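Asks: What follows is the file structure.txt, containing compact mmCIF, C-alpha atoms and all ligand atoms:
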# COMPACT_ATOMS: atom_id res chain seq x y z
CA MET A 1 68.41 112.79 55.00
CA SER A 2 71.35 111.45 53.10
CA GLU A 3 73.80 109.05 54.64
CA PRO A 4 77.40 110.18 55.09
CA SER A 5 79.43 109.37 52.03
CA VAL A 6 82.69 107.48 52.16
CA GLU A 7 84.73 108.34 49.14
CA PRO A 8 87.86 106.53 48.06
CA SER A 9 90.92 108.37 49.29
CA ALA A 10 94.55 108.22 48.37
CA ASP A 11 96.38 105.03 49.29
CA PRO A 12 97.02 105.41 53.04
CA GLN A 13 100.24 103.44 52.63
CA ALA A 14 101.60 106.25 50.50
CA ASP A 15 101.63 108.69 53.41
CA PRO A 16 101.69 107.11 56.85
CA GLN A 17 100.87 110.48 58.40
CA ALA A 18 97.70 110.97 56.33
CA ASP A 19 94.40 111.36 58.15
CA PRO A 20 92.90 107.85 57.97
CA LEU A 21 89.53 109.45 57.23
CA ALA A 22 90.78 112.16 54.90
CA GLY A 23 88.43 110.91 52.18
CA VAL A 24 85.40 110.62 54.41
CA SER A 25 82.76 113.28 54.27
CA TYR A 26 81.65 112.71 57.85
CA LEU A 27 79.02 115.39 58.12
CA PRO A 28 75.67 114.14 56.80
CA SER A 29 73.80 116.61 54.63
CA PHE A 30 70.12 117.41 54.99
CA ALA A 31 67.42 118.64 52.65
CA THR A 32 65.67 120.68 55.34
CA VAL A 33 66.52 122.19 58.71
CA GLU A 34 63.78 120.02 60.23
CA GLU A 35 65.63 116.90 59.08
CA GLU A 36 68.87 118.21 60.51
CA ARG A 37 67.22 119.04 63.84
CA ARG A 38 65.62 115.60 64.00
CA HIS A 39 68.98 113.95 63.28
CA ARG A 40 70.75 115.92 66.02
CA LYS A 41 68.02 115.14 68.54
CA GLU A 42 68.18 111.42 67.76
CA ARG A 43 71.95 111.43 68.20
CA LEU A 44 71.52 113.36 71.44
CA ALA A 45 68.91 110.96 72.86
CA ALA A 46 71.11 108.02 71.82
CA SER A 47 74.09 109.60 73.59
CA PHE A 48 72.12 109.86 76.82
CA ARG A 49 71.09 106.21 76.57
CA LEU A 50 74.74 105.23 76.05
CA PHE A 51 75.86 107.40 78.99
CA GLY A 52 73.23 105.59 81.07
CA ARG A 53 74.50 102.19 79.96
CA PHE A 54 78.07 103.19 80.75
CA GLY A 55 76.98 104.32 84.23
CA PHE A 56 78.00 107.95 83.72
CA ASP A 57 74.96 109.25 85.61
CA GLU A 58 75.22 110.29 89.27
CA GLY A 59 71.82 111.26 90.61
CA VAL A 60 70.67 114.28 88.60
CA ALA A 61 74.15 115.44 87.51
CA GLY A 62 75.28 115.57 83.90
CA HIS A 63 74.18 117.10 80.64
CA ILE A 64 74.79 116.83 76.93
CA THR A 65 73.73 119.69 74.69
CA ALA A 66 73.23 120.07 70.94
CA ARG A 67 73.00 123.45 69.26
CA ASP A 68 69.78 123.97 67.28
CA PRO A 69 70.56 124.10 63.53
CA GLU A 70 68.26 127.10 63.01
CA ARG A 71 68.21 129.04 66.26
CA LEU A 72 71.96 129.06 66.76
CA ASP A 73 71.74 130.70 70.19
CA CYS A 74 69.58 127.83 71.49
CA PHE A 75 70.53 124.31 72.48
CA TRP A 76 68.72 121.02 73.14
CA VAL A 77 69.38 119.41 76.52
CA ASN A 78 68.03 116.78 78.90
CA PRO A 79 65.26 117.85 81.27
CA PHE A 80 66.60 118.21 84.82
CA GLY A 81 65.99 115.15 86.98
CA MET A 82 65.27 112.59 84.24
CA SER A 83 67.30 109.39 84.04
CA PHE A 84 69.71 109.31 81.10
CA SER A 85 68.45 105.78 80.48
CA HIS A 86 64.86 106.90 79.84
CA ILE A 87 65.41 109.93 77.61
CA ARG A 88 63.56 109.95 74.28
CA VAL A 89 63.75 112.53 71.50
CA SER A 90 60.41 113.94 72.67
CA ASP A 91 61.79 114.51 76.18
CA LEU A 92 64.53 116.90 75.06
CA ILE A 93 64.03 120.58 75.83
CA LEU A 94 65.21 123.63 73.90
CA VAL A 95 66.83 126.38 75.96
CA ASP A 96 67.63 129.90 74.75
CA ASP A 97 70.55 132.16 75.62
CA THR A 98 68.72 133.54 78.67
CA GLY A 99 68.12 130.09 80.14
CA ALA A 100 64.41 130.03 79.26
CA VAL A 101 62.85 126.77 78.04
CA VAL A 102 61.38 127.68 74.64
CA GLU A 103 60.28 124.21 73.57
CA GLY A 104 59.42 121.01 75.40
CA ASP A 105 58.33 120.17 78.93
CA GLY A 106 60.64 120.15 81.89
CA ILE A 107 63.08 122.42 83.64
CA VAL A 108 66.68 123.13 82.79
CA ASN A 109 69.48 122.35 85.23
CA THR A 110 70.98 125.72 86.22
CA ALA A 111 74.48 124.22 86.01
CA ALA A 112 73.78 122.88 82.51
CA PHE A 113 72.81 126.36 81.35
CA ALA A 114 75.67 128.10 83.19
CA ILE A 115 78.32 125.88 81.60
CA HIS A 116 76.96 124.92 78.19
CA SER A 117 75.55 128.34 77.22
CA GLN A 118 79.03 129.82 77.61
CA VAL A 119 80.78 126.99 75.76
CA HIS A 120 78.32 127.26 72.84
CA ALA A 121 78.68 131.06 72.81
CA ALA A 122 82.49 130.98 72.87
CA ARG A 123 82.83 128.20 70.27
CA PRO A 124 80.67 128.75 67.18
CA ASP A 125 82.30 125.63 65.68
CA VAL A 126 80.98 123.47 68.51
CA ILE A 127 77.67 121.71 67.87
CA ALA A 128 77.62 119.62 71.03
CA ALA A 129 79.09 119.51 74.53
CA ALA A 130 79.01 116.66 77.05
CA HIS A 131 79.59 116.71 80.80
CA ALA A 132 78.92 114.09 83.46
CA HIS A 133 80.21 113.02 86.86
CA SER A 134 81.55 109.69 85.61
CA ILE A 135 83.64 107.81 88.17
CA TYR A 136 87.04 107.67 86.47
CA GLY A 137 86.83 111.18 85.04
CA LYS A 138 86.06 112.72 88.41
CA SER A 139 88.65 110.55 90.16
CA TRP A 140 91.29 111.68 87.68
CA SER A 141 90.13 115.30 87.98
CA ALA A 142 91.05 115.28 91.68
CA LEU A 143 94.72 114.91 90.70
CA GLY A 144 94.61 118.32 89.02
CA ARG A 145 96.69 117.31 86.00
CA LEU A 146 96.38 116.52 82.32
CA LEU A 147 96.24 112.99 80.93
CA ASP A 148 99.51 111.52 79.70
CA PRO A 149 99.83 109.85 76.28
CA LEU A 150 99.99 106.35 77.78
CA THR A 151 97.95 104.58 75.12
CA GLN A 152 97.04 105.01 71.47
CA ASP A 153 93.51 106.00 72.50
CA ALA A 154 94.71 108.58 75.02
CA CYS A 155 96.67 110.28 72.22
CA ALA A 156 93.34 111.70 70.97
CA PHE A 157 93.75 114.18 73.83
CA TYR A 158 97.48 114.84 73.41
CA GLY A 159 97.91 118.60 73.18
CA ASP A 160 94.14 118.89 72.83
CA HIS A 161 92.74 119.08 76.34
CA ALA A 162 92.99 121.55 79.18
CA LEU A 163 92.67 121.72 82.96
CA PHE A 164 90.22 124.03 84.71
CA ASP A 165 92.18 124.27 87.93
CA ASP A 166 89.79 126.25 90.08
CA TYR A 167 86.93 124.43 91.76
CA THR A 168 84.63 126.87 93.59
CA GLY A 169 81.44 124.88 94.14
CA VAL A 170 78.49 123.95 91.90
CA VAL A 171 78.59 126.01 88.71
CA LEU A 172 75.47 128.19 88.93
CA ASP A 173 76.78 131.44 87.47
CA PRO A 174 77.31 131.85 83.71
CA GLU A 175 80.46 133.83 84.61
CA GLU A 176 81.92 130.58 85.94
CA GLY A 177 80.88 128.87 82.70
CA LYS A 178 82.71 131.63 80.86
CA ARG A 179 85.88 130.85 82.79
CA ILE A 180 85.51 127.15 81.97
CA SER A 181 85.07 127.92 78.25
CA HIS A 182 88.14 130.15 78.44
CA ALA A 183 90.15 127.25 79.88
CA LEU A 184 88.79 124.96 77.16
CA GLY A 185 89.97 127.35 74.46
CA ASP A 186 89.96 125.73 71.03
CA ARG A 187 90.50 122.22 72.41
CA LYS A 188 88.20 119.18 72.43
CA ALA A 189 88.07 118.63 76.19
CA VAL A 190 88.67 120.13 79.60
CA ILE A 191 89.22 118.40 82.93
CA LEU A 192 87.29 120.26 85.64
CA ARG A 193 89.33 119.77 88.80
CA ASN A 194 87.44 118.01 91.62
CA HIS A 195 84.42 117.76 89.34
CA GLY A 196 84.70 115.75 86.11
CA LEU A 197 85.16 115.90 82.35
CA LEU A 198 83.70 118.10 79.63
CA THR A 199 84.09 117.37 75.92
CA VAL A 200 82.92 119.16 72.78
CA GLY A 201 82.49 118.21 69.14
CA HIS A 202 81.52 119.42 65.69
CA THR A 203 78.79 116.76 65.80
CA VAL A 204 76.85 115.22 68.68
CA ASP A 205 78.49 111.93 67.76
CA GLU A 206 81.97 113.37 68.19
CA ALA A 207 81.31 115.08 71.54
CA ALA A 208 79.75 111.90 72.96
CA PHE A 209 82.57 109.68 71.71
CA TRP A 210 85.28 111.95 73.10
CA PHE A 211 83.57 111.79 76.49
CA ILE A 212 83.32 108.01 76.42
CA THR A 213 86.92 107.46 75.35
CA MET A 214 88.28 110.17 77.68
CA GLU A 215 86.56 108.53 80.64
CA ARG A 216 88.21 105.24 79.63
CA SER A 217 91.58 106.93 79.17
CA CYS A 218 91.28 108.24 82.74
CA GLN A 219 90.49 104.69 83.87
CA ALA A 220 93.46 103.30 81.93
CA GLN A 221 95.90 105.80 83.41
CA LEU A 222 94.59 105.26 86.94
CA LEU A 223 94.97 101.48 86.48
CA ALA A 224 98.45 101.80 85.01
CA MET A 225 99.61 104.16 87.78
CA ALA A 226 98.14 101.90 90.45
CA ALA A 227 99.98 98.89 89.01
CA GLY A 228 103.37 100.41 88.37
CA ASP A 229 105.30 103.13 86.61
CA PRO A 230 103.73 103.59 83.15
CA ILE A 231 105.88 104.40 80.12
CA PRO A 232 104.45 107.33 78.14
CA ILE A 233 104.54 107.51 74.34
CA ASP A 234 107.26 109.97 73.26
CA ASP A 235 106.19 113.47 72.18
CA GLU A 236 106.78 113.04 68.46
CA THR A 237 104.91 109.74 68.27
CA ALA A 238 102.11 111.05 70.50
CA ARG A 239 101.70 114.04 68.17
CA LEU A 240 101.62 111.77 65.12
CA THR A 241 99.10 109.46 66.78
CA ALA A 242 96.92 112.40 67.82
CA GLY A 243 96.60 113.28 64.14
CA GLN A 244 95.52 109.72 63.44
CA VAL A 245 93.03 109.07 66.26
CA GLY A 246 91.98 112.55 67.38
CA THR A 247 90.38 114.17 64.33
CA PRO A 248 86.71 115.21 64.20
CA GLY A 249 86.14 112.58 61.51
CA ILE A 250 87.54 109.79 63.67
CA GLY A 251 85.47 110.98 66.63
CA TRP A 252 82.31 110.88 64.51
CA PHE A 253 83.21 107.53 62.93
CA SER A 254 84.04 105.90 66.27
CA PHE A 255 80.56 106.73 67.58
CA GLN A 256 78.77 104.89 64.75
CA PRO A 257 78.97 101.34 66.16
CA LEU A 258 77.78 102.65 69.52
CA PHE A 259 74.83 104.35 67.84
CA GLU A 260 73.97 101.15 65.96
CA GLN A 261 74.18 99.19 69.20
CA ILE A 262 71.90 101.49 71.21
CA ILE A 263 69.32 102.08 68.47
CA ARG A 264 68.93 98.34 68.02
CA ALA A 265 68.70 97.63 71.76
CA GLU A 266 66.52 100.64 72.70
CA PRO A 267 64.57 101.74 69.59
CA ASP A 268 62.08 103.72 71.72
CA LEU A 269 64.70 106.44 72.13
CA VAL A 270 63.57 108.01 68.84
CA GLU A 271 59.97 108.43 70.05
ZN ZN B 1 78.94 118.81 86.89
Write the structure described by the file as structure tokens, please.
Ligand SMILES: [Zn+2]
Replies:
Amino acid sequence: MSEPSVEPSADPQADPQADPLAGVSYLPSFATVEEERRHRKERLAASFRLFGRFGFDEGVAGHITARDPERLDCFWVNPFGMSFSHIRVSDLILVDDTGAVVEGDGIVNTAAFAIHSQVHAARPDVIAAAHAHSIYGKSWSALGRLLDPLTQDACAFYGDHALFDDYTGVVLDPEEGKRISHALGDRKAVILRNHGLLTVGHTVDEAAFWFITMERSCQAQLLAMAAGDPIPIDDETARLTAGQVGTPGIGWFSFQPLFEQIIRAEPDLVE
């Protein structure tokens, strides 16, 4: 496996609107599909450990999925009922497009299959999707509205997230997952009203980082609204900032220190 290359790019001062990571080739390349699969599974297990550390778990709710690099209609996911904080690479299960577990031990959460199978089917560009019942995301979701561009970080979602405004109970039917993926469209995230957040990415790293920073953006807006009358960033500046902090490359890059942190603290996750 080769490490991602960071190539010198044009002087960022020359064009203040340039993508700060325009010169970064953020997708690692792999010699074999086995290496690529192993890399995705390690990133996925690390994401679960981080979600556990951040307290995003609520009983048995929540799932992060990674599309298999070879069997494109299959995705890797956490076994139903296992703590995020204990998940190792060897615990991940592979689920096909009928919901059958085709590799690994454990059962698949029906809701995980109903939602994620439809998101992966509707978005061939999406490698990973993350959903959990994190406290600030679900609190914000009850308001039934999009996030405002209140902070630089929140601008990652400016014009790039949607609201699924139709809670009808636990998602057990893939048809409901289809409706969620329709609401998501080509965006990076969707707020599921009265339920929580769902984010997607072109890498596992990106999907996990968008979830983490979206949860914190929900927290920031709730805090700001509780304390006073927050001043949003104007549309033009929010759009500019979105191009600076909301690209797939920035999402991937922002996850790297978190990965380094968790792999050092909990090296057994790769077992
Ligand atoms: Zn859920």
Asks: Provide the atom CA of A:Glu70 to atom CA of A:Arg37 distance in Å, to one decimal place.
Replies: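 Distance between the two atoms: 8.2 Å.
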Asks: As a quick test: using only C-alpha atoms and all ligand atoms, which residues lie no more than 8 Å away from ligand ZN 1 (chain B)? Give them as a list of chain:residue names.
Replies: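 Answer in the requested format: A:Ala61, A:Gly62, A:Ala111, A:Ala112, A:His131, A:Ala132, A:His133, A:Val170, A:Val171, A:His195, A:Gly196.
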Asks: Please report as JSON lines every residue of stretch 48-94 of chain A lying within 12 Å of stretch 136-141 of chain A, along with the nearest atom pair and their distance in Å (one decimal), using all atoms listed in the file.
Replies:
{"residue": "A:Phe54", "atom": "CA", "partner": "A:Tyr136", "partner_atom": "CA", "distance": 11.5}
{"residue": "A:Gly55", "atom": "CA", "partner": "A:Tyr136", "partner_atom": "CA", "distance": 10.8}
{"residue": "A:Phe56", "atom": "CA", "partner": "A:Tyr136", "partner_atom": "CA", "distance": 9.5}
{"residue": "A:Asp57", "atom": "CA", "partner": "A:Lys138", "partner_atom": "CA", "distance": 12.0}
{"residue": "A:Glu58", "atom": "CA", "partner": "A:Lys138", "partner_atom": "CA", "distance": 11.1}
Asks: Place a sphere of radius 10 Å on (84.6, 107.9, 63.1) in the file coordinates and name every protein, DNA or RNA residue with an atom inside or on its surface, counting all atoms listed in the file; give the answer as a ChimeraX atom specification.
Replies: /A:20-21,24,26,205-206,209,245-257
Asks: Mind pulling up the distance from atom CA of A:Arg67 to atom CA of A:Gln261?
Replies: 24.3 Å
Asks: Measuring between all atoms listed in the file, which one of A:Ala226, A:Leu143, A:Ile233, A:Val204 shows the shortest distance to A:Pro28?
Replies: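 Using all atoms listed in the file, A:Pro28 sits closest to A:Val204.
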Asks: I need the residue nearest A:Ile191 from this list: A:Val89, A:Ala242, A:Ala162, A:Val101. Use only C-alpha atoms for the distance.
Replies: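 Of A:Val89, A:Ala242, A:Ala162, A:Val101, the one nearest A:Ile191, counting only C-alpha atoms, is A:Ala162.
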Asks: Which residues of stretch 12-111 of chain A have any atom within 9 Å of an atom in stretch 126-129 of chain A when counting only C-alpha atoms, and what is the closest pair of atoms for each, with the distance in Å to one decimal? Order the rows by chain and rising number and write it as CSV.
Replies:
residue,atom,partner,partner_atom,distance
A:Leu44,CA,A:Ala128,CA,8.8
A:His63,CA,A:Ala129,CA,8.2
A:Ile64,CA,A:Ala129,CA,5.6
A:Thr65,CA,A:Ala128,CA,5.3
A:Ala66,CA,A:Ala128,CA,4.4
A:Arg67,CA,A:Ile127,CA,5.2
A:Asp68,CA,A:Ile127,CA,8.2
A:Pro69,CA,A:Ile127,CA,8.7
A:Phe75,CA,A:Ala128,CA,8.6
Asks: Between A:Met225, A:Ala121, A:Val77, A:Leu198, which one has atoms that come closest to A:Ser134, using only C-alpha atoms?
Replies: A:Leu198
Asks: Counting only C-alpha atoms, which residues sit no farther than 8 Å from the position (87.1, 105.0, 83.7) in the file's frame? I'd like them as a list of chain:residue names.
Replies: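 Output: A:Ser134, A:Ile135, A:Tyr136, A:Gly137, A:Glu215, A:Arg216, A:Ser217, A:Cys218, A:Gln219, A:Ala220.
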Asks: For the residues in the current selection, export C-alpha atoms as an mmCIF file, keeping the file's coordinate frame.
Replies:
data_model
loop_
_atom_site.group_PDB
_atom_site.id
_atom_site.type_symbol
_atom_site.label_atom_id
_atom_site.label_comp_id
_atom_site.auth_asym_id
_atom_site.auth_seq_id
_atom_site.Cartn_x
_atom_site.Cartn_y
_atom_site.Cartn_z
ATOM 1 C CA SER A 134 81.550 109.690 85.610
ATOM 2 C CA ILE A 135 83.640 107.810 88.170
ATOM 3 C CA TYR A 136 87.040 107.670 86.470
ATOM 4 C CA GLY A 137 86.830 111.180 85.040
ATOM 5 C CA GLU A 215 86.560 108.530 80.640
ATOM 6 C CA ARG A 216 88.210 105.240 79.630
ATOM 7 C CA SER A 217 91.580 106.930 79.170
ATOM 8 C CA CYS A 218 91.280 108.240 82.740
ATOM 9 C CA GLN A 219 90.490 104.690 83.870
ATOM 10 C CA ALA A 220 93.460 103.300 81.930
#
Asks: From the options A:Ile93, A:Leu222, A:Ile180, A:Val270, which residue's atoms come nearest to A:Tyr167, counting all atoms listed in the file?
Replies: A:Ile180
Asks: Compile the contact shell of A:Asp125 as a ChimeraX atom specification: residues with an atom at most 12 Å away, counting all atoms listed in the file, same-chain residues fewer than 6 positions apart removed.
Replies: /A:66-67,72,119,185-188,200-203,248
Asks: What is the distance between atom CA of A:Ala208 and atom CA of A:Asp105, in Å to one decimal?
Replies: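 Between atom CA of A:Ala208 and atom CA of A:Asp105 the gap is 23.7 Å.
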Asks: Assuming the input is short of atoms at stretch 124-135 of chain A, produce all heavy atoms for that part as a tab-separated table (two decimals), in the frame of the given file.
Replies:
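The file below, result.tsv, is the result:
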chain	number	residue	atom	x	y	z
A	124	PRO	N	81.68	128.91	68.24
A	124	PRO	CA	80.67	128.75	67.18
A	124	PRO	C	80.83	127.44	66.40
A	124	PRO	O	79.87	126.95	65.80
A	124	PRO	CB	80.92	129.96	66.27
A	124	PRO	CG	81.70	130.93	67.09
A	124	PRO	CD	82.47	130.13	68.10
A	125	ASP	N	82.05	126.89	66.40
A	125	ASP	CA	82.30	125.63	65.68
A	125	ASP	C	81.74	124.42	66.42
A	125	ASP	O	81.59	123.34	65.83
A	125	ASP	CB	83.81	125.44	65.47
A	125	ASP	CG	84.57	125.31	66.80
A	125	ASP	OD1	84.36	126.17	67.69
A	125	ASP	OD2	85.36	124.36	66.95
A	126	VAL	N	81.43	124.59	67.69
A	126	VAL	CA	80.98	123.47	68.51
A	126	VAL	C	79.48	123.27	68.36
A	126	VAL	O	78.70	124.19	68.58
A	126	VAL	CB	81.37	123.71	69.99
A	126	VAL	CG1	80.50	122.89	70.93
A	126	VAL	CG2	82.84	123.39	70.22
A	127	ILE	N	79.09	122.06	67.98
A	127	ILE	CA	77.67	121.71	67.87
A	127	ILE	C	77.18	121.09	69.17
A	127	ILE	O	76.03	121.25	69.55
A	127	ILE	CB	77.44	120.73	66.69
A	127	ILE	CG1	77.81	121.40	65.37
A	127	ILE	CG2	76.00	120.20	66.67
A	127	ILE	CD1	76.98	122.62	65.03
A	128	ALA	N	78.06	120.35	69.84
A	128	ALA	CA	77.62	119.62	71.03
A	128	ALA	C	78.68	119.64	72.12
A	128	ALA	O	79.89	119.70	71.83
A	128	ALA	CB	77.28	118.18	70.65
A	129	ALA	N	78.20	119.57	73.37
A	129	ALA	CA	79.09	119.51	74.53
A	129	ALA	C	78.53	118.49	75.51
A	129	ALA	O	77.30	118.39	75.68
A	129	ALA	CB	79.20	120.88	75.19
A	130	ALA	N	79.43	117.71	76.12
A	130	ALA	CA	79.01	116.66	77.05
A	130	ALA	C	79.74	116.80	78.37
A	130	ALA	O	80.96	117.05	78.41
A	130	ALA	CB	79.31	115.28	76.44
A	131	HIS	N	79.00	116.64	79.46
A	131	HIS	CA	79.59	116.71	80.80
A	131	HIS	C	78.82	115.75	81.71
A	131	HIS	O	77.59	115.72	81.70
A	131	HIS	CB	79.49	118.13	81.36
A	131	HIS	CG	79.76	118.22	82.83
A	131	HIS	ND1	81.00	117.95	83.36
A	131	HIS	CD2	78.94	118.50	83.88
A	131	HIS	CE1	80.93	118.08	84.69
A	131	HIS	NE2	79.71	118.41	85.02
A	132	ALA	N	79.56	114.97	82.48
A	132	ALA	CA	78.92	114.09	83.46
A	132	ALA	C	79.91	113.82	84.58
A	132	ALA	O	81.11	114.08	84.44
A	132	ALA	CB	78.49	112.77	82.80
A	133	HIS	N	79.37	113.30	85.69
A	133	HIS	CA	80.21	113.02	86.86
A	133	HIS	C	80.59	111.55	86.87
A	133	HIS	O	80.39	110.84	87.85
A	133	HIS	CB	79.46	113.40	88.14
A	133	HIS	CG	79.16	114.86	88.24
A	133	HIS	ND1	78.55	115.43	89.33
A	133	HIS	CD2	79.40	115.89	87.39
A	133	HIS	CE1	78.41	116.74	89.14
A	133	HIS	NE2	78.92	117.04	87.95
A	134	SER	N	81.15	111.09	85.77
A	134	SER	CA	81.55	109.69	85.61
A	134	SER	C	82.72	109.39	86.57
A	134	SER	O	83.54	110.25	86.87
A	134	SER	CB	81.97	109.44	84.17
A	134	SER	OG	82.90	110.42	83.75
A	135	ILE	N	82.77	108.13	87.03
A	135	ILE	CA	83.64	107.81	88.17
A	135	ILE	C	85.13	107.99	87.89
A	135	ILE	O	85.86	108.54	88.73
A	135	ILE	CB	83.33	106.37	88.69
A	135	ILE	CG1	84.11	106.08	89.96
A	135	ILE	CG2	83.61	105.31	87.65
A	135	ILE	CD1	83.68	106.89	91.15
